[in-house]
Every structure is written in structure tokens, then in C-alpha cells.
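Next comes target16.txt, with compact mmCIF, C-alpha atoms.
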# COMPACT_ATOMS: atom_id res chain seq x y z
CA MET A 21 -125.15 -153.58 121.74
CA LYS A 22 -128.14 -155.88 122.21
CA GLU A 23 -127.31 -159.58 121.95
CA ILE A 24 -128.93 -161.46 119.07
CA THR A 25 -130.91 -164.51 120.17
CA ARG A 26 -133.24 -166.99 118.45
CA ASN A 27 -136.12 -164.59 119.11
CA THR A 28 -134.40 -161.60 117.48
CA THR A 29 -136.09 -160.58 114.23
CA PHE A 30 -134.32 -159.42 111.09
CA GLN A 31 -135.71 -155.94 111.69
CA GLU A 32 -134.29 -155.88 115.21
CA ALA A 33 -130.93 -157.19 113.95
CA LEU A 34 -130.71 -154.19 111.60
CA GLU A 35 -130.24 -151.96 114.65
CA ARG A 36 -126.61 -153.12 114.69
CA PHE A 37 -126.02 -151.35 111.36
CA GLN A 38 -124.59 -147.84 111.08
CA LYS A 39 -126.95 -145.49 109.25
CA ASP A 40 -124.60 -145.17 106.26
CA ASP A 41 -124.55 -148.95 105.87
CA LEU A 42 -128.34 -149.03 106.12
CA LEU A 43 -128.60 -146.43 103.37
CA THR A 44 -126.31 -148.47 101.13
CA PHE A 45 -128.40 -151.57 101.74
CA ALA A 46 -131.60 -149.59 101.08
CA TYR A 47 -130.30 -148.40 97.70
CA GLN A 48 -129.22 -151.94 96.82
CA LEU A 49 -132.77 -153.09 97.56
CA GLY A 50 -134.08 -150.47 95.16
CA LEU A 51 -135.41 -148.02 97.76
CA SER A 52 -135.21 -144.31 97.01
CA GLY A 53 -135.95 -141.10 98.86
CA VAL A 54 -134.74 -142.55 102.18
CA SER A 55 -131.66 -140.42 102.89
CA LYS A 56 -133.50 -138.06 105.25
CA LEU A 57 -135.26 -140.75 107.25
CA ARG A 58 -134.41 -141.28 110.89
CA LYS A 59 -132.56 -144.55 111.59
CA ALA A 60 -135.64 -146.25 113.07
CA GLU A 61 -137.74 -145.32 110.01
CA LEU A 62 -134.98 -146.48 107.67
CA ILE A 63 -134.77 -149.83 109.45
CA GLU A 64 -138.51 -150.30 109.11
CA GLN A 65 -138.44 -149.63 105.35
CA VAL A 66 -135.41 -151.83 104.72
CA ALA A 67 -136.94 -154.72 106.65
CA ALA A 68 -140.30 -154.36 104.86
CA GLN A 69 -138.64 -154.36 101.44
CA MET A 70 -136.33 -157.27 102.24
CA LEU A 71 -139.23 -159.42 103.44
CA GLU A 72 -141.44 -158.71 100.44
CA PRO A 73 -142.23 -162.10 98.83
CA GLU A 74 -140.81 -161.05 95.44
CA GLU A 75 -137.59 -159.69 96.96
CA LEU A 76 -137.11 -162.77 99.11
CA PHE A 77 -137.92 -165.06 96.15
CA TYR A 78 -135.03 -163.76 94.06
CA ARG A 79 -132.64 -163.47 97.02
CA MET A 80 -133.22 -167.06 98.12
CA ALA A 81 -133.01 -168.38 94.54
CA ILE A 82 -129.21 -168.00 94.41
CA LEU A 83 -128.85 -170.61 97.17
CA ASP A 84 -128.02 -174.06 95.83
CA ASN A 85 -129.62 -177.24 97.16
CA GLN A 86 -126.97 -177.79 99.85
CA SER A 87 -127.41 -174.27 101.23
CA LEU A 88 -131.20 -174.51 101.05
CA ALA A 89 -131.04 -177.76 103.03
CA ILE A 90 -129.07 -175.99 105.77
CA PHE A 91 -131.61 -173.14 105.76
CA GLU A 92 -134.53 -175.57 106.07
CA LYS A 93 -132.87 -177.41 108.97
CA ALA A 94 -132.28 -174.12 110.74
CA LEU A 95 -136.01 -173.34 110.43
CA LYS A 96 -136.78 -176.34 112.63
CA GLY A 97 -134.29 -175.44 115.33
CA THR A 98 -130.68 -174.45 115.89
CA TYR A 99 -128.42 -175.84 113.18
CA HIS A 100 -124.98 -176.89 114.44
CA TYR A 101 -122.39 -176.26 111.76
CA ASP A 102 -118.83 -177.50 111.46
CA LYS A 103 -115.76 -176.52 109.45
CA LYS A 104 -117.15 -178.28 106.37
CA THR A 105 -120.44 -176.34 106.35
CA MET A 106 -119.23 -173.08 107.88
CA ASP A 107 -118.73 -171.24 104.58
CA ARG A 108 -122.28 -172.00 103.45
CA VAL A 109 -123.71 -170.96 106.82
CA TYR A 110 -121.87 -167.65 106.80
CA SER A 111 -122.94 -167.00 103.22
CA ILE A 112 -126.58 -167.36 104.34
CA LYS A 113 -125.86 -165.09 107.30
CA GLU A 114 -124.30 -162.45 105.03
CA MET A 115 -127.51 -162.51 102.99
CA HIS A 116 -129.25 -161.35 106.22
CA LEU A 117 -131.45 -164.45 106.42
CA GLY A 118 -130.29 -165.60 109.85
CA TRP A 119 -127.58 -165.44 112.49
CA ALA A 120 -124.53 -167.63 113.14
CA SER A 121 -122.30 -167.72 116.19
CA ASN A 122 -120.17 -170.27 118.07
CA GLY A 123 -121.13 -173.19 115.85
CA GLU A 124 -124.86 -172.44 115.90
CA PHE A 125 -127.06 -171.03 113.15
CA TRP A 126 -130.71 -170.04 113.15
CA VAL A 127 -133.11 -168.21 110.83
CA PHE A 128 -134.68 -164.93 111.88
CA PRO A 129 -138.35 -165.57 112.81
CA ASP A 130 -139.72 -162.86 110.48
CA VAL A 131 -137.63 -164.29 107.62
CA ALA A 132 -139.01 -167.76 108.38
CA LYS A 133 -142.56 -166.39 108.24
CA ALA A 134 -141.92 -164.59 104.93
CA TRP A 135 -140.34 -167.76 103.48
CA GLU A 136 -143.66 -169.60 103.83
CA LYS A 137 -145.09 -167.30 101.15
CA VAL A 138 -142.17 -167.91 98.79
CA LYS A 139 -141.41 -171.62 98.74
CA GLY A 140 -143.16 -173.93 96.34
CA GLU A 141 -142.89 -175.48 92.88
CA GLU A 142 -142.44 -172.15 91.07
CA PHE A 143 -139.56 -171.23 93.35
CA SER A 144 -137.93 -174.67 92.99
CA ARG A 145 -138.04 -174.50 89.18
CA TYR A 146 -136.48 -171.03 89.13
CA GLN A 147 -133.93 -171.76 91.88
CA LYS A 148 -132.57 -174.80 90.05
CA ARG A 149 -131.49 -172.60 87.14
CA ALA A 150 -130.73 -169.35 88.97
CA SER A 151 -128.42 -170.95 91.55
CA TRP A 152 -126.39 -172.46 88.71
CA VAL A 153 -126.16 -169.18 86.78
CA TRP A 154 -125.06 -167.53 90.03
CA LYS A 155 -122.10 -169.90 90.20
CA CYS A 156 -121.29 -169.18 86.56
CA VAL A 157 -121.21 -165.45 87.30
CA ASP A 158 -118.67 -166.18 90.05
CA TRP A 159 -116.52 -168.12 87.55
CA CYS A 160 -116.65 -165.26 85.04
CA GLU A 161 -115.76 -162.69 87.71
CA LYS A 162 -112.69 -164.62 88.83
CA MET A 163 -111.50 -166.13 85.54
CA TYR A 164 -112.35 -163.54 82.85
CA ALA A 165 -113.41 -160.21 84.46
CA PHE A 166 -114.66 -159.10 81.03
CA THR A 167 -117.03 -161.70 79.57
CA PRO A 168 -118.86 -161.48 76.22
CA MET A 169 -122.43 -162.77 76.32
CA ASP A 170 -121.68 -165.72 74.04
CA VAL A 171 -118.91 -166.89 76.40
CA PHE A 172 -121.17 -166.38 79.45
CA LEU A 173 -123.76 -168.60 77.79
CA GLU A 174 -121.13 -171.24 76.98
CA VAL A 175 -120.19 -171.40 80.66
CA ILE A 176 -123.86 -171.64 81.69
CA ASN A 177 -124.64 -174.33 79.15
CA CYS A 178 -121.67 -176.52 80.10
CA LYS A 179 -123.97 -178.15 82.66
CA LYS A 180 -126.00 -181.10 81.44
CA GLY A 181 -129.71 -180.31 81.30
CA ILE A 182 -129.22 -176.53 81.23
CA ARG A 183 -130.00 -174.92 77.91
CA MET A 184 -130.32 -171.19 78.29
CA LYS A 185 -130.57 -168.34 75.82
CA ALA A 186 -129.37 -164.77 76.30
CA ASP A 187 -132.73 -163.23 77.18
CA GLU A 188 -133.29 -165.62 80.11
CA ALA A 189 -129.72 -165.20 81.39
CA ILE A 190 -129.96 -161.39 81.21
CA GLU A 191 -133.31 -161.25 83.01
CA MET A 192 -132.02 -163.61 85.67
CA PHE A 193 -128.87 -161.51 86.10
CA TYR A 194 -130.86 -158.34 86.76
CA HIS A 195 -132.79 -160.10 89.53
CA PHE A 196 -129.68 -161.20 91.43
CA PRO A 197 -129.21 -159.36 94.78
CA ILE A 198 -126.79 -156.56 93.96
CA ASP A 199 -125.25 -156.59 97.44
CA ARG A 200 -123.98 -160.13 96.94
CA PHE A 201 -121.74 -159.93 93.86
CA TRP A 202 -119.22 -157.81 91.95
CA SER A 203 -120.48 -157.87 88.38
CA GLY A 204 -122.41 -155.52 86.14
CA MET A 205 -123.94 -155.89 82.68
CA MET A 206 -122.91 -153.55 79.86
CA ASP A 207 -125.49 -153.08 77.11
CA ASP A 208 -126.71 -156.64 77.73
CA GLU A 209 -123.62 -157.80 75.83
CA PHE A 210 -120.81 -157.99 78.38
CA LEU A 211 -120.56 -159.24 81.94
CA VAL A 212 -118.00 -157.02 83.68
CA ASN A 213 -116.29 -157.36 87.04
CA ARG A 214 -116.88 -153.96 88.70
CA VAL A 215 -113.43 -154.04 90.32
CA TYR A 216 -111.82 -153.71 86.87
CA ALA A 217 -114.57 -151.57 85.34
CA THR A 218 -114.20 -148.84 87.98
CA ASP A 219 -110.39 -148.88 87.96
CA GLU A 220 -109.57 -147.93 84.37
CA GLU A 221 -105.81 -148.38 84.70
CA ARG A 222 -106.18 -151.80 86.28
CA GLY A 223 -108.78 -152.86 83.73
CA GLU A 224 -106.64 -151.81 80.77
CA ALA A 225 -103.62 -153.61 82.24
CA LEU A 226 -105.63 -156.83 82.56
CA LEU A 227 -107.00 -156.60 79.02
CA GLU A 228 -103.46 -156.08 77.75
CA GLN A 229 -102.37 -159.24 79.56
CA GLN A 230 -105.30 -161.21 78.22
CA ALA A 231 -104.71 -159.88 74.68
CA ASP A 232 -106.19 -162.30 72.15
CA LYS A 233 -106.08 -165.41 74.34
CA GLU A 234 -109.04 -167.72 73.90
CA PHE A 235 -111.55 -168.10 76.74
CA TYR A 236 -111.25 -171.40 78.56
CA ILE A 237 -114.70 -172.94 78.96
CA PRO A 238 -114.85 -174.99 82.17
CA SER A 239 -116.64 -178.22 82.97
CA SER A 240 -119.61 -178.01 85.32
CA GLN A 241 -117.48 -179.78 87.96
CA GLU A 242 -114.86 -177.03 87.75
CA VAL A 243 -117.50 -174.31 88.16
CA GLU A 244 -118.93 -176.10 91.20
CA GLU A 245 -115.55 -176.70 92.84
CA HIS A 246 -114.31 -173.17 92.20
CA TYR A 247 -117.49 -171.72 93.73
CA ASP A 248 -117.36 -173.95 96.81
CA GLU A 249 -113.60 -173.97 97.45
CA LEU A 250 -112.48 -170.65 95.83
CA ALA A 251 -109.90 -172.70 93.94
CA LEU A 252 -109.35 -175.87 91.91
CA LEU A 253 -107.19 -177.84 94.31
CA SER A 254 -108.40 -181.28 93.20
CA THR A 255 -106.13 -181.16 90.13
CA PRO A 256 -103.26 -183.70 90.09
CA ALA A 257 -100.59 -181.00 90.43
CA TYR A 258 -102.09 -179.53 93.60
CA GLN A 259 -102.84 -182.97 95.03
CA LYS A 260 -99.19 -183.99 94.60
CA LEU A 261 -98.10 -180.79 96.33
CA LYS A 262 -100.62 -181.46 99.10
CA LYS A 263 -99.30 -184.98 99.61
CA PHE A 264 -95.74 -183.66 99.89
CA MET A 265 -96.80 -181.05 102.46
CA GLU A 266 -98.61 -183.65 104.55
CA ASN A 267 -95.48 -185.84 104.73
CA CYS A 268 -92.53 -183.42 104.72
CA SER A 269 -90.23 -182.91 107.70
CA CYS A 270 -91.87 -179.58 108.63
CA LYS A 271 -95.48 -180.78 108.26
CA ASP A 272 -96.34 -179.84 111.84
CA LYS A 273 -95.39 -176.20 111.21
CA ILE A 274 -97.60 -175.58 108.16
CA ASP A 275 -101.31 -175.24 107.43
CA THR A 276 -101.54 -177.35 104.28
CA GLU A 277 -105.06 -176.39 103.17
CA GLY A 278 -104.59 -172.71 103.96
CA LEU A 279 -101.26 -172.50 102.14
CA LEU A 280 -102.58 -174.25 99.04
CA LEU A 281 -105.59 -171.93 98.86
CA ASP A 282 -103.37 -168.86 99.31
CA LEU A 283 -101.04 -170.15 96.63
CA TRP A 284 -103.93 -170.58 94.17
CA VAL A 285 -105.30 -167.09 94.89
CA LYS A 286 -101.88 -165.44 94.52
CA ILE A 287 -101.23 -167.14 91.19
CA SER A 288 -104.73 -167.32 89.73
CA TRP A 289 -106.44 -164.08 90.70
CA LEU A 290 -103.67 -161.71 91.75
CA ASP A 291 -101.26 -162.47 88.89
CA ASP A 292 -98.53 -162.65 91.50
CA GLY A 293 -96.62 -165.70 90.33
CA GLN A 294 -93.11 -164.59 91.27
CA ASP A 295 -94.06 -163.39 94.74
CA ALA A 296 -96.19 -166.51 95.22
CA ILE A 297 -93.25 -168.78 94.47
CA GLN A 298 -90.94 -166.85 96.79
CA TRP A 299 -93.56 -166.69 99.54
CA PHE A 300 -94.31 -170.39 99.28
CA LEU A 301 -90.65 -171.38 99.43
CA GLN A 302 -90.22 -169.36 102.61
CA GLN A 303 -92.73 -171.66 104.33
CA PHE A 304 -90.21 -174.49 103.89
CA ASP A 305 -87.04 -172.87 105.21
CA SER A 306 -86.42 -175.79 107.57
CA VAL A 307 -86.87 -178.71 105.16
CA ARG A 308 -84.04 -180.99 104.10
CA GLU A 309 -82.12 -180.18 100.90
CA ASP A 310 -83.63 -183.13 99.03
CA GLU A 311 -87.12 -181.98 100.07
CA LEU A 312 -86.38 -178.46 98.87
CA GLN A 313 -85.60 -179.74 95.39
CA GLU A 314 -88.78 -181.85 95.42
CA VAL A 315 -91.06 -179.03 96.56
CA MET A 316 -89.54 -176.72 93.96
CA GLY A 317 -90.48 -179.14 91.19
CA LEU A 318 -93.98 -179.63 92.60
CA LEU A 319 -94.44 -175.89 92.99
CA MET A 320 -93.52 -175.25 89.37
CA GLU A 321 -95.89 -178.00 88.26
CA ALA A 322 -98.68 -176.39 90.30
CA TYR A 323 -97.90 -172.98 88.78
CA ASN A 324 -98.01 -174.39 85.25
CA ASN A 325 -101.39 -176.00 85.94
CA THR A 326 -103.16 -173.09 87.65
CA ARG A 327 -106.06 -171.47 85.79
CA MET A 328 -105.38 -167.74 85.67
CA LEU A 329 -107.42 -164.59 85.24
CA ALA A 330 -104.66 -163.08 83.08
CA ASN A 331 -104.98 -166.11 80.78
CA ARG A 332 -108.80 -166.06 80.61
CA GLY A 333 -108.93 -169.28 82.60
CA ASN A 334 -106.20 -171.10 80.69
CA THR A 335 -103.20 -172.60 82.45
CA PRO A 336 -99.65 -171.66 81.35
CA ILE A 337 -99.08 -175.19 80.09
CA GLU A 338 -102.24 -175.05 77.95
CA LEU A 339 -101.15 -171.78 76.40
CA ALA A 340 -97.69 -173.17 75.74
CA LYS A 341 -99.27 -176.04 73.79
CA LYS A 342 -101.30 -173.54 71.77
CA SER A 343 -98.11 -171.57 71.01
CA THR A 344 -99.69 -168.35 72.29
CA PHE A 345 -97.84 -168.25 75.60
CA GLN A 346 -94.91 -165.86 75.67
CA GLY A 347 -92.65 -167.94 77.91
CA MET A 348 -92.27 -168.65 81.60
CA PRO A 349 -91.78 -165.81 84.07
CA THR A 350 -88.39 -164.78 85.40
CA ILE A 351 -88.18 -165.75 89.05
CA THR A 352 -86.58 -163.22 91.36
CA ALA A 353 -85.93 -163.16 95.10
CA GLY A 354 -87.73 -160.91 97.56
CA SER A 355 -85.54 -161.64 100.57
CA ALA A 356 -82.09 -162.97 101.44
CA GLN A 357 -83.78 -166.14 102.69
CA ALA A 358 -85.62 -166.64 99.39
CA ALA A 359 -82.40 -165.92 97.48
CA ALA A 360 -80.59 -168.67 99.38
CA LEU A 361 -83.39 -171.14 98.68
CA LEU A 362 -83.48 -170.23 95.00
CA ARG A 363 -79.70 -170.62 94.64
CA GLU A 364 -79.96 -174.16 96.01
CA ALA A 365 -82.76 -175.05 93.63
CA ALA A 366 -81.39 -173.11 90.63
CA PRO A 367 -80.42 -176.15 88.49
CA ASP A 368 -83.90 -177.68 88.85
CA ILE A 369 -85.65 -174.38 88.19
CA GLU A 370 -83.69 -173.73 85.00
CA LYS A 371 -84.33 -177.28 83.76
CA MET A 372 -88.06 -176.49 83.95
CA GLY A 373 -87.66 -173.56 81.55
CA PHE A 374 -87.87 -170.72 84.08
CA ASP A 375 -85.43 -167.83 83.97
CA LEU A 376 -83.79 -167.01 87.29
CA ASP A 377 -82.42 -163.61 88.33
CA ILE A 378 -81.75 -163.88 92.05
CA ASP A 379 -80.26 -160.41 92.56
CA ALA A 380 -82.69 -158.42 90.38
CA ASN A 381 -84.54 -156.95 93.37
CA ALA A 382 -81.51 -156.49 95.62
CA ASP A 383 -79.82 -153.21 96.45
CA THR A 384 -76.09 -153.19 97.20
CA ILE A 385 -75.28 -151.04 100.23
CA PRO A 386 -71.94 -150.23 101.88
CA VAL A 387 -71.23 -151.87 105.24
CA ILE A 388 -68.60 -150.58 107.69
CA GLY A 389 -67.35 -152.96 110.36
CA MET A 390 -64.50 -153.54 112.86
CA PRO A 391 -63.96 -157.32 112.78
CA ASN A 392 -60.73 -157.08 114.81
CA GLY A 393 -61.99 -154.73 117.51
CA MET A 394 -61.63 -151.01 118.13
CA ASN A 395 -57.90 -151.04 117.38
CA GLY A 396 -58.06 -153.22 114.31
CA GLY A 397 -59.11 -150.62 111.81
CA ILE A 398 -62.25 -150.15 109.75
CA VAL A 399 -63.24 -152.61 107.02
CA ARG A 400 -65.55 -151.49 104.25
CA THR A 401 -67.57 -154.16 102.46
CA GLU A 402 -70.82 -154.42 100.55
CA LYS A 403 -74.04 -156.25 101.34
CA LYS A 404 -77.09 -157.12 99.26
CA VAL A 405 -80.41 -156.14 100.81
CA TYR A 406 -83.71 -157.43 99.42
CA PRO A 407 -87.13 -155.73 99.65
CA ASN A 408 -88.49 -158.04 102.37
CA ASP A 409 -85.33 -158.11 104.51
CA PRO A 410 -85.23 -156.22 107.83
CA CYS A 411 -83.96 -152.70 107.14
CA PRO A 412 -80.24 -152.34 108.07
CA CYS A 413 -81.01 -149.07 109.88
CA GLY A 414 -82.57 -151.05 112.74
CA SER A 415 -86.06 -149.57 112.45
CA GLY A 416 -87.69 -152.99 112.59
CA LYS A 417 -89.46 -152.37 109.28
CA LYS A 418 -88.92 -154.18 106.01
CA TYR A 419 -86.30 -152.56 103.78
CA LYS A 420 -88.89 -151.77 101.09
CA LYS A 421 -91.00 -149.92 103.67
CA CYS A 422 -88.07 -147.97 105.10
CA CYS A 423 -84.71 -147.00 103.59
CA GLY A 424 -85.35 -148.96 100.40
CA ARG A 425 -88.54 -147.06 99.58
CA LYS A 426 -88.26 -145.57 96.09

Encoded form using C-alpha cells:
Amino acid sequence: MKEITRNTTFQEALERFQKDDLLTFAYQLGLSGVSKLRKAELIEQVAAQMLEPEELFYRMAILDNQSLAIFEKALKGTYHYDKKTMDRVYSIKEMHLGWASNGEFWVFPDVAKAWEKVKGEEFSRYQKRASWVWKCVDWCEKMYAFTPMDVFLEVINCKKGIRMKADEAIEMFYHFPIDRFWSGMMDDEFLVNRVYATDEERGEALLEQQADKEFYIPSSQEVEEHYDELALLSTPAYQKLKKFMENCSCKDKIDTEGLLLDLWVKISWLDDGQDAIQWFLQQFDSVREDELQEVMGLLMEAYNNTRMLANRGNTPIELAKKSTFQGMPTITAGSAQAAALLREAAPDIEKMGFDLDIDANADTIPVIGMPNGMNGGIVRTEKKVYPNDPCPCGSGKKYKKCCGRK
């Protein structure tokens, strides 16, 4: 495959696409009647549509000021990105505006030429509002999934200086690039995450969890942080957990930032609180006993202060104060290792109001052994096996994927 250089155009870069992917992109750009085109003809049409001033205007408008600044710097020469700016750079790349590789980012020359016809005062006025609404859509996707228009507007208008009515928000929504987000609009009244709209069983299960819980309306700072970091890790609970991880006896064995982000995602988006707690504890299997008790308390505090999709953005502790929360989850063990850790921390866990059922997921299987050698007779005992333990049959698979499969 031809290497992409600073002289490679967007149209030439499209040659790396499979034809099916090109067709999908063409439909997302609003092109029709292209299914029978040869690949070269399809590439030409996709590139022409993408670089139309109106198309590029609305595509670029979702970039906030920080991302636009990176784009502008890349127009003047190769932009050298670091870990801090990498996510923004790759977001611009995924919008097909340029190329990034090995710490370097540049804009495709034909995109740069088309941009000259787009930028200006009109674009700046629109981009200021559209880039903010774009972030609000992301919040609604992750925190509500099903969002009434009045709630969507509340989220938008939480930012000082933004006063938007439904007609503007709806028109703006329909101009967002469809290949870049997961939401749809139903009858101009509901913003719906397509993941839950297309999976009826999953959608109904989420709505049942959300029940009549009130929508949590965020601050503008929360919307910004959640968009940039995919989580709200600046909260006191997560900062205390971070500080512990940076100073604990096994600090050199763990990726603090990565673990905290994974923890947030597991609890907030995936509604996987029990597994998240078990998984997180397993990262600290070599800490001292006093540290185990401390991390257990910090972990529970983080759980109670995580904004959750199932709670329409509310934290468990907020719902408890409103008397609409139905109690803390029962914590169970997924492996023998997790069970041992939970037994040690049981008194602290129960003090926090959590129910604990260590053996709920375990199967009891018979074990035959000869502890005194071949002539010592057979001893029959029992052993508890958890879903994530190695299967006793010796297959090398987890028990839940092998003999424990229901």
C-alpha cells in the first residue's frame, strides 16, 4: 500500500479504503446512486463531496478552539504532537482532514485548499456554538442514552453565554457529520443513542433501570472534562484513589491513569459495578493488608461518586439522598483471588452498607486426591471454583469459558 506523505491528497488517501467502507462513507455524506461505480469513480465522488465548502463548513464546525488551533498549526508545517494532544490529533485524523503518524500530523493539501473557502467570521460564529452542542450530544449519549428535547436544551444552556432554543439545536444536530457520532433524533423531540435504539432488548433494560430517576444536569466544566477525558476523574473521590495508587507499595506495577479511566467506564457506562470492583481489587493482589483495607474504602467512595448512565447521570450517593436509590449492590467474587481479597476486607465493606456474597458465583466440584501417595488411599474433598479461575480440567481456559459454561 502506498505510503502517505505530506504531498498525499485526501483523494489519494481514500485509495486505502475498501470499497464497502467507501460506500458507507459515501452514504454518510449524502451521496446516492453510487453502488455500481468502480472504486476509482467512487473515490472521486467522495472526495469531491467531502471538499465541498458547505460540507467542510459543517464538518469543521464541531472542532473546538483547541482542535482548530492544532489544525491551523498543521497547515503551516508538520505539527509534532505529544501524549497530551494525541487524542485531539487523532480525532482530526478520523475526520479525514489530515494524517498522523509517529508523533507528526499534517493536513492534506486539498483539504487545506478547500479550508481557505470556508474560514471566516461566519464560520467562527457558527463554530463557537456548534462545537459546544457537539460536546453536549456526547454527554447525552453517555449519560442518558434517551434524552428529551427539554433536557438536551438544559444541558446546552448550562454554559454561560449560550442561550439556544429547540429549532436552532435541531437544525444544528442535522448538520453534524453522521460518521462521527452515535445519536439520532426522533420526531425532533428525543435525542437517542443508536446503540440502544437498534438493540430493543438492551434499550428496554436500560429504561427499566433508569425508571423515573431525574436527569442530572451537568455544569459546563463537567461537559468539557467528560468530552476531553472520557470520564470525570477530577472529582475528590477519584483524586484520593489516584493519590493512593501513586504512593502504594505496588505503584510501579500499575498504570494509574489507565486503571482509573477503565474503572470509570466500567462503572459509569457499562453498568458493571460488581465486576469493576472485583477487577480493580485484582490489580492490588500484592499490596500490604493495611493498604488493601484503604483501597477498598477509596474504591467504594469512588463507586458512590461516579455518574452513571443507569442513573441518568446521577451518582449513587445523590440518589440515596433523594431517597430514590434502591440500595447498594451486592458484591460477589469472580475468582478465588478476588474472594480472598473480599474476605479480608469484608468488615470494611459491610460497614459501608454493601452486601457481600463471596460464594454466590462459585461452583462446588468434587476433588479426588492421594495426599499420602499411591498406597495411602483416595481422599475425596470439595473445591470452590469461580468463573474467572483456570478450569480444573487443565485446558488453560477460564472455568466460565470451559467446564463451567452454562

Check: CA of Tyr216 in chain A and CA of Val171 in chain A are how many Å apart?
Finding: 18.3 Å

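Shortest separation to Pro412 in chain A among A:Ile385, A:Met106, A:Met265, A:Ala322 occurs at residue A:Ile385, atoms counted being only C-alpha atoms.
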
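Near range 85-89 of chain A, within 10 Å and counting all atoms listed in the file, sit Met80, Ala81, Ile82, Leu83, Phe91, Glu92, Lys93, Ala94, Leu95, Thr105, Asp107, Arg108, Val109, Ser111, Ile112, Ser144, Gln147, Lys148 and Ser151 of chain A, not including residues fewer than 2 positions from it in the same chain.
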
Assuming 8 Å of padding per side, give the centre and edge lengths of the axis-aligned box around every listed atom of range 235-249 of chain A, in Å to one decimal and as lines of an AutoDock Vina configuration file.
center_x = -115.4
center_y = -173.9
center_z = 87.1
size_x = 24.4
size_y = 27.7
size_z = 36.7

Margin query: I'd like the contact shell of range 183-185 of chain A - 10 Å cut-off, all atoms listed in the file, skipping same-chain residues fewer than 2 positions apart - returned as a ChimeraX atom specification.
Written below: /A:149,153,169-170,173-174,176-181,187-190
